[in-house]
Amino acid sequence: MSRANGMLEVSNLTVSFERPEQPDAGAFRVVEDLSFGVAAGEFVSILGPSGCGKTTLLRVIVRLAPAEHGTIKIDDSEKYAPGRDVCLVFQSYGLFPWRTVRENVEFGLKMQGVAARERRATGQEFIDLVGLSGFEQHYPHQISGGMQQRVGLARALACRPKLLLMDEPFAAVDAQTRERLQTELLRIVAQTASTVVFVTHSIQEAVYLGTRVLVMGARPGRIAADLPVPLGSERWRRDVRLERRFEDHVLEARQALRAVSP
Ligand SMILES: Nc1ncnc2c1ncn2[C@@H]1O[C@H](COP(=O)(O)OP(=O)(O)OP(=O)(O)O)[C@@H](O)[C@H]1O
Ligand SMILES: [Mg+2]
């Protein structure tokens, strides 16, 4: 398997969970000997059957769960800082319901000890970028699901991480909002020159967003296919979803996914 040199290097990663209900069965190995690399500026989509370990993989990268074996490096270092070098955007938004949009977006900066004035300026920049100007004082329950997702995105981007991880961020929004958010995400990623790893169940979404699609197999979870998607870097300026070669890449990804699905 080819491995891009660069910003993220996952090497021979193995992750297991204890099974308290079956102590004699041994640990449950979710991910085994998984390796892949992501170069700076790449947008890597990950597809894989439910339960194959996609969320686990992202959680291990941000050190929310431990690896049993293997190494993870960001910019050649295993000593990267979750929350600063790498941020995770969850499917369930992960917003604080008792904090306003502004306070949610500024949260990561506050944790890093950024001074109030700078926090406010940076926070506003990313609130504007995701199109939420005018909603700074709203609480999460006062805005729609799509808007809450943008708050989660703005919060992660405001920390200017080297690497942005997204776990099915658009799964909970309606189809039309989802298409808009996808295009907006491409624009924002281009403007901020972000490097992204994006987990999704939608083959179309994976191909539309990704410069590369990784297909992950189950039991044990590892990378089964690595498909380049050469649709051009300014995909958000024109709708590649209307182009025939987009459908060709969707078909290729669908076949690869079928090959690893039970
Ligand atoms: N903290 C945990 N303790 C025990 N088992 C876990 C834990 N987290 C995940 N698992 C198990 O690991 C496997 C992979 O889970 P994971 O959430 O990573 O899958 P996924 O690929 O993200 O699935 P989906 O597409 O449904 O979100 C599942 O069998 C799950 O039950
Ligand atoms: Mg998951």
# chains A, B, ... in the order shown; residues from 1 in each chain; ligands from 1

$ residues_around --residues "Lys162 of chain A" --least-positions-apart "6" --cutoff "10 Å" --atoms "only C-alpha atoms" --output "number ranges by chain"
A: 7-8, 40-41, 74-75, 80, 84-87, 193-196

$ residues_around --residues "Glu9 of chain A" --least-positions-apart "4" --cutoff "6 Å" --atoms "only C-alpha atoms" --output "list in words"
Gly37, Ile72 and Lys73 of chain A

$ residues_around --residues "segment 180-186 of chain A" --least-positions-apart "2" --cutoff "12 Å" --atoms "only C-alpha atoms" --output "PyMOL selection string"
chain A and resi 41-43+129-131+145-150+153-154+157+164+166+168-178+188-196+198+200+202+204-211+232-241

$ closest_residue --among "A:Pro220, A:Gly134, A:Gly83, A:Pro262" --to "ligand 1" --atoms "only C-alpha atoms and all ligand atoms"
A:Pro220

$ residues_around --residues "segment 57-63 of chain A" --least-positions-apart "4" --cutoff "12 Å" --atoms "only C-alpha atoms" --output "PDB file with C-alpha atoms, in the first residue's frame"
ATOM      1  CA  LEU A   8      -0.128  12.276   9.617  1.00  0.00           C
ATOM      2  CA  GLU A   9       1.553   8.871   9.772  1.00  0.00           C
ATOM      3  CA  VAL A  10      -0.352   5.961  11.307  1.00  0.00           C
ATOM      4  CA  SER A  11       1.875   2.876  11.425  1.00  0.00           C
ATOM      5  CA  LEU A  13      -1.830   0.489  14.670  1.00  0.00           C
ATOM      6  CA  THR A  14      -3.616  -2.137  16.763  1.00  0.00           C
ATOM      7  CA  VAL A  15      -6.468  -1.263  19.139  1.00  0.00           C
ATOM      8  CA  SER A  16      -8.298  -3.673  21.452  1.00  0.00           C
ATOM      9  CA  VAL A  30     -11.081  -3.726  16.659  1.00  0.00           C
ATOM     10  CA  VAL A  31      -8.181  -2.383  14.600  1.00  0.00           C
ATOM     11  CA  GLU A  32      -5.175  -4.497  13.648  1.00  0.00           C
ATOM     12  CA  ASP A  33      -1.931  -3.512  11.960  1.00  0.00           C
ATOM     13  CA  LEU A  34      -3.533  -0.502  10.308  1.00  0.00           C
ATOM     14  CA  SER A  35      -1.256   1.894   8.427  1.00  0.00           C
ATOM     15  CA  PHE A  36      -1.851   4.978   6.318  1.00  0.00           C
ATOM     16  CA  ILE A  46     -12.792   7.104   5.066  1.00  0.00           C
ATOM     17  CA  GLY A  48     -16.214   1.365   5.936  1.00  0.00           C
ATOM     18  CA  GLY A  51     -18.505  -1.217  13.487  1.00  0.00           C
ATOM     19  CA  CYS A  52     -15.231  -1.587  11.549  1.00  0.00           C
ATOM     20  CA  GLY A  53     -13.466   0.880  13.837  1.00  0.00           C
ATOM     21  CA  ALA A  67      -3.407   2.211  21.147  1.00  0.00           C
ATOM     22  CA  GLU A  68      -2.252  -1.272  22.030  1.00  0.00           C
ATOM     23  CA  HIS A  69       0.494  -1.261  19.441  1.00  0.00           C
ATOM     24  CA  GLY A  70       1.812   0.989  16.695  1.00  0.00           C
ATOM     25  CA  THR A  71       2.677   4.649  16.330  1.00  0.00           C
ATOM     26  CA  ILE A  72       0.897   7.828  15.306  1.00  0.00           C
ATOM     27  CA  LYS A  73       2.916  10.839  14.230  1.00  0.00           C
ATOM     28  CA  ILE A  74       1.889  14.330  13.251  1.00  0.00           C
ATOM     29  CA  GLU A  78       4.467  11.333  18.440  1.00  0.00           C
ATOM     30  CA  LYS A  79       4.273  14.152  20.987  1.00  0.00           C
ATOM     31  CA  TYR A  80       1.596  16.210  19.287  1.00  0.00           C
ATOM     32  CA  ALA A  81      -1.039  18.117  21.238  1.00  0.00           C
ATOM     33  CA  PRO A  82      -4.686  17.019  20.883  1.00  0.00           C
ATOM     34  CA  GLY A  83      -6.897  20.125  20.878  1.00  0.00           C
ATOM     35  CA  ARG A  84      -4.162  22.178  19.264  1.00  0.00           C
ATOM     36  CA  ASP A  85      -2.364  20.126  16.605  1.00  0.00           C
ATOM     37  CA  VAL A  86      -5.362  17.912  15.920  1.00  0.00           C
ATOM     38  CA  CYS A  87      -9.092  18.508  16.557  1.00  0.00           C
ATOM     39  CA  LEU A  88     -12.060  16.175  16.230  1.00  0.00           C
ATOM     40  CA  VAL A  89     -15.541  17.254  15.095  1.00  0.00           C
ATOM     41  CA  PHE A  90     -18.162  14.788  16.309  1.00  0.00           C
ATOM     42  CA  PRO A 161      -5.165  22.633  13.948  1.00  0.00           C
ATOM     43  CA  LEU A 163      -5.092  18.237  11.171  1.00  0.00           C
ATOM     44  CA  LEU A 164      -8.887  18.253  11.336  1.00  0.00           C
ATOM     45  CA  LEU A 165     -10.711  14.972  11.989  1.00  0.00           C
ATOM     46  CA  MET A 166     -14.439  14.761  11.253  1.00  0.00           C
ATOM     47  CA  ASP A 167     -16.650  11.819  12.251  1.00  0.00           C
ATOM     48  CA  GLU A 168     -19.840  11.725  10.144  1.00  0.00           C
ATOM     49  CA  VAL A 196      -8.704  16.742   6.812  1.00  0.00           C
ATOM     50  CA  VAL A 197      -9.603  13.136   7.619  1.00  0.00           C
ATOM     51  CA  PHE A 198     -13.352  12.728   7.135  1.00  0.00           C
ATOM     52  CA  VAL A 199     -15.393   9.640   8.077  1.00  0.00           C
ATOM     53  CA  MET A 216     -11.660   0.261   5.738  1.00  0.00           C
ATOM     54  CA  GLY A 221     -10.220  -3.118  10.873  1.00  0.00           C
ATOM     55  CA  ARG A 222      -7.544  -2.068   8.424  1.00  0.00           C
ATOM     56  CA  ILE A 223      -7.257  -0.153   5.164  1.00  0.00           C
TER      57      ILE A 223
END

$ closest_residue --among "A:Ala259, A:Lys110, A:Asp128, A:Leu231" --to "Glu247 of chain A" --atoms "only C-alpha atoms"
A:Leu231

$ select_by_dssp --residues "segment 57-166 of chain A" --states "strand (DSSP E or B)" --output "PyMOL selection string"
chain A and resi 69-74+77+82+86-89+163-166

$ write_last_selection --atoms "C-alpha atoms" --output "CSV table (one decimal), in the first residue's frame"
chain,number,residue,atom,x,y,z
A,69,HIS,CA,0.5,-1.3,19.4
A,70,GLY,CA,1.8,1.0,16.7
A,71,THR,CA,2.7,4.6,16.3
A,72,ILE,CA,0.9,7.8,15.3
A,73,LYS,CA,2.9,10.8,14.2
A,74,ILE,CA,1.9,14.3,13.3
A,77,SER,CA,6.4,13.7,16.1
A,82,PRO,CA,-4.7,17.0,20.9
A,86,VAL,CA,-5.4,17.9,15.9
A,87,CYS,CA,-9.1,18.5,16.6
A,88,LEU,CA,-12.1,16.2,16.2
A,89,VAL,CA,-15.5,17.3,15.1
A,163,LEU,CA,-5.1,18.2,11.2
A,164,LEU,CA,-8.9,18.3,11.3
A,165,LEU,CA,-10.7,15.0,12.0
A,166,MET,CA,-14.4,14.8,11.3

$ atom_distance --atom1 "atom CA of Leu132 of chain A" --atom2 "atom CA of Val151 of chain A"
8.0 Å

$ atom_distance --atom1 "atom CA of Leu95 of chain A" --atom2 "atom CA of Arg155 of chain A"
9.2 Å

$ closest_residue --among "A:Ala65, A:Leu242, A:Ala25, A:Ala156" --to "ligand 1" --atoms "only C-alpha atoms and all ligand atoms"
A:Ala65

$ select_by_dssp --residues "segment 62-206 of chain A" --states "helix (DSSP H, G or I)" --output "ChimeraX atom specification"
/A:101-111,116-129,140-142,145-158,175-192,203-206

$ closest_residue --among "A:Leu257, A:Leu251, A:Ala218, A:Leu109" --to "ligand 1" --atoms "only C-alpha atoms and all ligand atoms"
A:Ala218

$ residues_around --residues "segment 114-125 of chain A" --least-positions-apart "6" --cutoff "10 Å" --atoms "only C-alpha atoms" --output "PDB file with N, CA and C atoms, in the first residue's frame"
ATOM      1  N   VAL A 101     -23.205  30.517  21.078  1.00  0.00           N
ATOM      2  CA  VAL A 101     -22.421  30.215  19.875  1.00  0.00           C
ATOM      3  C   VAL A 101     -20.998  30.767  20.042  1.00  0.00           C
ATOM      4  N   ARG A 102     -20.913  32.042  20.449  1.00  0.00           N
ATOM      5  CA  ARG A 102     -19.594  32.661  20.603  1.00  0.00           C
ATOM      6  C   ARG A 102     -18.741  31.911  21.626  1.00  0.00           C
ATOM      7  N   GLU A 103     -19.351  31.595  22.766  1.00  0.00           N
ATOM      8  CA  GLU A 103     -18.580  30.921  23.823  1.00  0.00           C
ATOM      9  C   GLU A 103     -18.154  29.517  23.400  1.00  0.00           C
ATOM     10  N   ASN A 104     -19.030  28.844  22.643  1.00  0.00           N
ATOM     11  CA  ASN A 104     -18.658  27.525  22.133  1.00  0.00           C
ATOM     12  C   ASN A 104     -17.467  27.623  21.183  1.00  0.00           C
ATOM     13  N   VAL A 105     -17.526  28.601  20.273  1.00  0.00           N
ATOM     14  CA  VAL A 105     -16.454  28.730  19.277  1.00  0.00           C
ATOM     15  C   VAL A 105     -15.136  29.115  19.951  1.00  0.00           C
ATOM     16  N   GLU A 106     -15.231  29.935  21.015  1.00  0.00           N
ATOM     17  CA  GLU A 106     -14.002  30.394  21.681  1.00  0.00           C
ATOM     18  C   GLU A 106     -13.457  29.384  22.689  1.00  0.00           C
ATOM     19  N   PHE A 107     -14.210  28.304  22.902  1.00  0.00           N
ATOM     20  CA  PHE A 107     -13.856  27.390  23.998  1.00  0.00           C
ATOM     21  C   PHE A 107     -12.430  26.840  23.916  1.00  0.00           C
ATOM     22  N   GLY A 108     -12.076  26.306  22.734  1.00  0.00           N
ATOM     23  CA  GLY A 108     -10.744  25.708  22.578  1.00  0.00           C
ATOM     24  C   GLY A 108      -9.630  26.721  22.800  1.00  0.00           C
ATOM     25  N   LEU A 132     -22.287  32.301  10.369  1.00  0.00           N
ATOM     26  CA  LEU A 132     -23.156  32.413  11.540  1.00  0.00           C
ATOM     27  C   LEU A 132     -23.154  33.814  12.160  1.00  0.00           C
ATOM     28  N   SER A 133     -22.716  34.797  11.389  1.00  0.00           N
ATOM     29  CA  SER A 133     -22.729  36.167  11.912  1.00  0.00           C
ATOM     30  C   SER A 133     -24.164  36.529  12.273  1.00  0.00           C
ATOM     31  N   GLU A 136     -24.248  35.080  17.299  1.00  0.00           N
ATOM     32  CA  GLU A 136     -23.223  34.898  18.331  1.00  0.00           C
ATOM     33  C   GLU A 136     -23.802  34.654  19.710  1.00  0.00           C
ATOM     34  N   ALA A 154     -16.606  25.559  13.331  1.00  0.00           N
ATOM     35  CA  ALA A 154     -15.911  26.824  13.642  1.00  0.00           C
ATOM     36  C   ALA A 154     -15.050  26.659  14.886  1.00  0.00           C
ATOM     37  N   ARG A 155     -15.570  25.940  15.869  1.00  0.00           N
ATOM     38  CA  ARG A 155     -14.812  25.743  17.116  1.00  0.00           C
ATOM     39  C   ARG A 155     -13.510  24.988  16.841  1.00  0.00           C
ATOM     40  N   LEU A 157     -11.966  24.710  13.848  1.00  0.00           N
ATOM     41  CA  LEU A 157     -11.086  25.480  12.957  1.00  0.00           C
ATOM     42  C   LEU A 157     -10.404  26.639  13.679  1.00  0.00           C
ATOM     43  N   ALA A 158     -11.101  27.209  14.680  1.00  0.00           N
ATOM     44  CA  ALA A 158     -10.559  28.387  15.376  1.00  0.00           C
ATOM     45  C   ALA A 158      -9.217  28.076  16.038  1.00  0.00           C
ATOM     46  N   CYS A 159      -9.009  26.829  16.385  1.00  0.00           N
ATOM     47  CA  CYS A 159      -7.724  26.446  16.992  1.00  0.00           C
ATOM     48  C   CYS A 159      -6.644  26.292  15.935  1.00  0.00           C
ATOM     49  N   ARG A 160      -7.004  26.462  14.664  1.00  0.00           N
ATOM     50  CA  ARG A 160      -6.077  26.291  13.541  1.00  0.00           C
ATOM     51  C   ARG A 160      -5.241  25.025  13.694  1.00  0.00           C
TER      52      ARG A 160
END

$ decode --residues "segment 30-43 of chain A" --atoms "N, CA and C atoms" --output "PDB file, in the first residue's frame"
ATOM      1  N   VAL A  30     -10.265  -4.485  17.610  1.00  0.00           N
ATOM      2  CA  VAL A  30     -11.081  -3.726  16.659  1.00  0.00           C
ATOM      3  C   VAL A  30     -10.251  -3.355  15.434  1.00  0.00           C
ATOM      4  N   VAL A  31      -9.064  -2.825  15.685  1.00  0.00           N
ATOM      5  CA  VAL A  31      -8.181  -2.383  14.600  1.00  0.00           C
ATOM      6  C   VAL A  31      -6.902  -3.194  14.710  1.00  0.00           C
ATOM      7  N   GLU A  32      -6.401  -3.698  13.585  1.00  0.00           N
ATOM      8  CA  GLU A  32      -5.175  -4.497  13.648  1.00  0.00           C
ATOM      9  C   GLU A  32      -4.221  -4.118  12.526  1.00  0.00           C
ATOM     10  N   ASP A  33      -3.013  -3.759  12.915  1.00  0.00           N
ATOM     11  CA  ASP A  33      -1.931  -3.512  11.960  1.00  0.00           C
ATOM     12  C   ASP A  33      -2.362  -2.537  10.857  1.00  0.00           C
ATOM     13  N   LEU A  34      -3.004  -1.474  11.278  1.00  0.00           N
ATOM     14  CA  LEU A  34      -3.533  -0.502  10.308  1.00  0.00           C
ATOM     15  C   LEU A  34      -2.497   0.590  10.051  1.00  0.00           C
ATOM     16  N   SER A  35      -2.222   0.856   8.783  1.00  0.00           N
ATOM     17  CA  SER A  35      -1.256   1.894   8.427  1.00  0.00           C
ATOM     18  C   SER A  35      -1.802   2.767   7.307  1.00  0.00           C
ATOM     19  N   PHE A  36      -1.599   4.064   7.434  1.00  0.00           N
ATOM     20  CA  PHE A  36      -1.851   4.978   6.318  1.00  0.00           C
ATOM     21  C   PHE A  36      -1.189   6.318   6.625  1.00  0.00           C
ATOM     22  N   GLY A  37      -0.998   7.092   5.582  1.00  0.00           N
ATOM     23  CA  GLY A  37      -0.410   8.409   5.752  1.00  0.00           C
ATOM     24  C   GLY A  37      -1.268   9.461   5.079  1.00  0.00           C
ATOM     25  N   VAL A  38      -1.192  10.684   5.592  1.00  0.00           N
ATOM     26  CA  VAL A  38      -1.916  11.795   4.976  1.00  0.00           C
ATOM     27  C   VAL A  38      -0.928  12.941   4.792  1.00  0.00           C
ATOM     28  N   ALA A  39      -0.832  13.439   3.565  1.00  0.00           N
ATOM     29  CA  ALA A  39       0.078  14.553   3.304  1.00  0.00           C
ATOM     30  C   ALA A  39      -0.616  15.876   3.614  1.00  0.00           C
ATOM     31  N   ALA A  40       0.164  16.905   3.889  1.00  0.00           N
ATOM     32  CA  ALA A  40      -0.393  18.225   4.168  1.00  0.00           C
ATOM     33  C   ALA A  40      -1.248  18.671   2.988  1.00  0.00           C
ATOM     34  N   GLY A  41      -2.442  19.176   3.292  1.00  0.00           N
ATOM     35  CA  GLY A  41      -3.324  19.685   2.247  1.00  0.00           C
ATOM     36  C   GLY A  41      -4.247  18.637   1.646  1.00  0.00           C
ATOM     37  N   GLU A  42      -4.051  17.373   2.019  1.00  0.00           N
ATOM     38  CA  GLU A  42      -4.946  16.339   1.492  1.00  0.00           C
ATOM     39  C   GLU A  42      -6.279  16.358   2.238  1.00  0.00           C
ATOM     40  N   PHE A  43      -7.318  15.897   1.556  1.00  0.00           N
ATOM     41  CA  PHE A  43      -8.617  15.677   2.194  1.00  0.00           C
ATOM     42  C   PHE A  43      -8.913  14.194   2.009  1.00  0.00           C
TER      43      PHE A  43
END
